[in-house]
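Notes follow the structure.
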Amino acid sequence: MILSVDPGKATGMTLFSFERGQEPVLVWAGEYQQEEYAKPIRDTLVEYPDVTVVCERFIINAQTAKKSQAPYSLEQIGILKQCLMDAGRKVDDIIFQSPSDAKAMFDNPKLKKLEYWYVGGEGHALDSIRHALLQCVKLGWIPRRLLQ
């Protein structure tokens, strides 16, 4: 199982089932506001204690500071870390990935072709889907439908 998080004021989150040699299966996807964000993480960690956790890397740099002073992404990453620690996991278990790597590998046309398109929300669930699929590629999945 892969739990993928795109942290922000509205956070995208997905759960995929993945076995090597098989197509990833999207179990659920959604966008969550701050007050509801921790529950699906905690529920997933209880149901799947060994779930792989993938999160979009968020780094504050000069460009970030110009865009917004909103700390939402960093706060959500902190909550994610606390949820893992509460479940007896290490924060080092989180696999952080670059947003540009995920988007370059799985842009919108590719998500549609692969039939992993999420309808609704502000695009954050789609970003979490990108991160989950990128992790599947790192684990050996070849998205053959993109080659057709």
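In the structure tokens, each chain is lettered A, B, ... as it comes, each chain's residues begin at 1, and ligands are numbered from 1 in order of appearance.
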
Neighbour list for A:Glu23 as an NGL selection string, cut-off 9 Å, only C-alpha atoms, skip fewer than 3 positions in-chain: :A and (17-20 or 141-143)

Do a neighbour search on A:Glu36 at 12 Å with only C-alpha atoms, toss out local chain neighbours closer than 2 positions, and write the hits as a short mmCIF file (atom, residue, chain, number, x, y, z; two decimals) with N, CA and C atoms, in the first residue's frame.
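Ended up saving to around.cif:
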data_model
loop_
_atom_site.label_atom_id
_atom_site.label_comp_id
_atom_site.auth_asym_id
_atom_site.auth_seq_id
_atom_site.Cartn_x
_atom_site.Cartn_y
_atom_site.Cartn_z
N LYS A 9 -3.00 23.97 2.22
CA LYS A 9 -4.23 24.39 2.90
C LYS A 9 -5.35 23.38 2.60
N ALA A 10 -5.49 23.02 1.34
CA ALA A 10 -6.28 21.86 0.94
C ALA A 10 -5.26 20.81 0.54
N THR A 11 -5.30 19.67 1.19
CA THR A 11 -4.29 18.63 0.98
C THR A 11 -4.85 17.50 0.14
N GLY A 12 -4.12 17.13 -0.91
CA GLY A 12 -4.49 15.97 -1.70
C GLY A 12 -3.91 14.72 -1.06
N MET A 13 -4.69 13.66 -1.06
CA MET A 13 -4.23 12.42 -0.45
C MET A 13 -4.81 11.25 -1.23
N GLY A 30 -8.72 11.95 -2.42
CA GLY A 30 -9.54 13.05 -1.96
C GLY A 30 -8.72 14.28 -1.64
N GLU A 31 -9.43 15.34 -1.34
CA GLU A 31 -8.81 16.58 -0.89
C GLU A 31 -9.39 16.90 0.49
N TYR A 32 -8.51 17.25 1.41
CA TYR A 32 -8.90 17.41 2.80
C TYR A 32 -8.50 18.78 3.32
N GLN A 33 -9.39 19.39 4.08
CA GLN A 33 -9.11 20.64 4.75
C GLN A 33 -8.35 20.36 6.04
N GLN A 34 -7.80 21.38 6.63
CA GLN A 34 -6.96 21.22 7.81
C GLN A 34 -7.63 20.41 8.92
N ALA A 38 -5.94 14.81 9.44
CA ALA A 38 -5.26 13.75 10.18
C ALA A 38 -6.02 12.43 10.18
N LYS A 39 -7.34 12.48 10.14
CA LYS A 39 -8.13 11.25 10.26
C LYS A 39 -7.82 10.20 9.19
N PRO A 40 -7.82 10.55 7.89
CA PRO A 40 -7.51 9.50 6.91
C PRO A 40 -6.08 8.95 7.05
N ILE A 41 -5.16 9.78 7.51
CA ILE A 41 -3.80 9.30 7.74
C ILE A 41 -3.79 8.30 8.89
N ARG A 42 -4.39 8.68 10.00
CA ARG A 42 -4.43 7.79 11.17
C ARG A 42 -5.17 6.49 10.84
N ASP A 43 -6.31 6.59 10.15
CA ASP A 43 -7.07 5.39 9.79
C ASP A 43 -6.25 4.46 8.90
N GLN A 76 1.20 20.85 7.65
CA GLN A 76 0.62 19.54 7.31
C GLN A 76 1.69 18.45 7.34
N ILE A 79 2.09 17.51 10.92
CA ILE A 79 1.00 16.64 11.38
C ILE A 79 1.21 15.22 10.86
#

DSSP-assigned alpha helix (DSSP H) members of stretch 30-119 of chain A, reported as an MDAnalysis selection string: chainID A and resid 38:47 62:67 72:86 99:105 108:114

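The coordinates place atom CA of A:Pro24 at 26.6 Å from atom CA of A:Gly88.
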
For A:Phe16, the closest of A:Pro109, A:Ala87, A:Val53, A:Leu3 counting only C-alpha atoms is A:Leu3

Restricting to only C-alpha atoms, whichever of A:His131, A:Arg145, A:Lys110, A:Lys138 is closest to A:Leu15 is A:His131

Just list as an NGL selection string whatever in stretch 6-78 of chain A DSSP marks as strand (DSSP E or B). :A and (6 or 10-17 or 25-33 or 52-56)

Could you take the residues named above and write them with C-alpha atoms, as a PDB file, in the first residue's frame?
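As a result, again.pdb now contains:
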ATOM      1  CA  ASP A   6       0.316  16.624  -1.350  1.00  0.00           C
ATOM      2  CA  ALA A  10      -6.279  21.858   0.936  1.00  0.00           C
ATOM      3  CA  THR A  11      -4.291  18.631   0.980  1.00  0.00           C
ATOM      4  CA  GLY A  12      -4.488  15.967  -1.699  1.00  0.00           C
ATOM      5  CA  MET A  13      -4.231  12.422  -0.449  1.00  0.00           C
ATOM      6  CA  THR A  14      -4.475   9.014  -2.109  1.00  0.00           C
ATOM      7  CA  LEU A  15      -4.122   5.395  -1.188  1.00  0.00           C
ATOM      8  CA  PHE A  16      -2.875   2.950  -3.802  1.00  0.00           C
ATOM      9  CA  SER A  17      -2.486  -0.775  -3.679  1.00  0.00           C
ATOM     10  CA  VAL A  25      -4.907   0.212  -7.989  1.00  0.00           C
ATOM     11  CA  LEU A  26      -6.321   3.507  -6.754  1.00  0.00           C
ATOM     12  CA  VAL A  27      -8.159   2.619  -3.534  1.00  0.00           C
ATOM     13  CA  TRP A  28      -9.281   6.174  -2.710  1.00  0.00           C
ATOM     14  CA  ALA A  29      -8.389   9.783  -3.393  1.00  0.00           C
ATOM     15  CA  GLY A  30      -9.541  13.053  -1.955  1.00  0.00           C
ATOM     16  CA  GLU A  31      -8.810  16.583  -0.886  1.00  0.00           C
ATOM     17  CA  TYR A  32      -8.899  17.411   2.804  1.00  0.00           C
ATOM     18  CA  GLN A  33      -9.108  20.645   4.750  1.00  0.00           C
ATOM     19  CA  THR A  52       4.651   3.292   2.362  1.00  0.00           C
ATOM     20  CA  VAL A  53       4.201   7.022   2.950  1.00  0.00           C
ATOM     21  CA  VAL A  54       5.111   9.427   0.150  1.00  0.00           C
ATOM     22  CA  CYS A  55       4.904  13.196   0.504  1.00  0.00           C
ATOM     23  CA  GLU A  56       5.626  16.131  -1.745  1.00  0.00           C
TER      24      GLU A  56
END

When you draw a straight line from atom CA of A:Asp86 to atom CA of A:Thr44, how long is it in Å?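 According to the coordinates, atom CA of A:Asp86 and atom CA of A:Thr44 are separated by 12.6 Å.
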
Please, what distance in Å, to one decimal, runs between atom CA of A:Val5 and atom CA of A:Gln135?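 Separation of atom CA of A:Val5 and atom CA of A:Gln135: 11.9 Å.
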
Rank nothing, just name the residue among A:Arg144, A:Lys81, A:Lys103, A:Lys112 nearest to A:Arg130, using only C-alpha atoms. A:Lys103

Could you tell me which of A:Leu74, A:Leu45, A:Leu126, A:Leu139 comes closest to A:Ala102 if we count only C-alpha atoms?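 Using only C-alpha atoms, the shortest distance to A:Ala102 belongs to A:Leu126.
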
Check the smallest atom-to-atom distance from each of A:Gln148, A:Gln82, A:Ser98, A:Gln22 to A:Ser128 using only C-alpha atoms, then report the winner.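 Closest candidate: A:Ser98.
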
Which one is closest to A:Leu146: A:Leu134, A:Ala125, A:Leu111, A:Leu80? Count only C-alpha atoms. A:Leu111
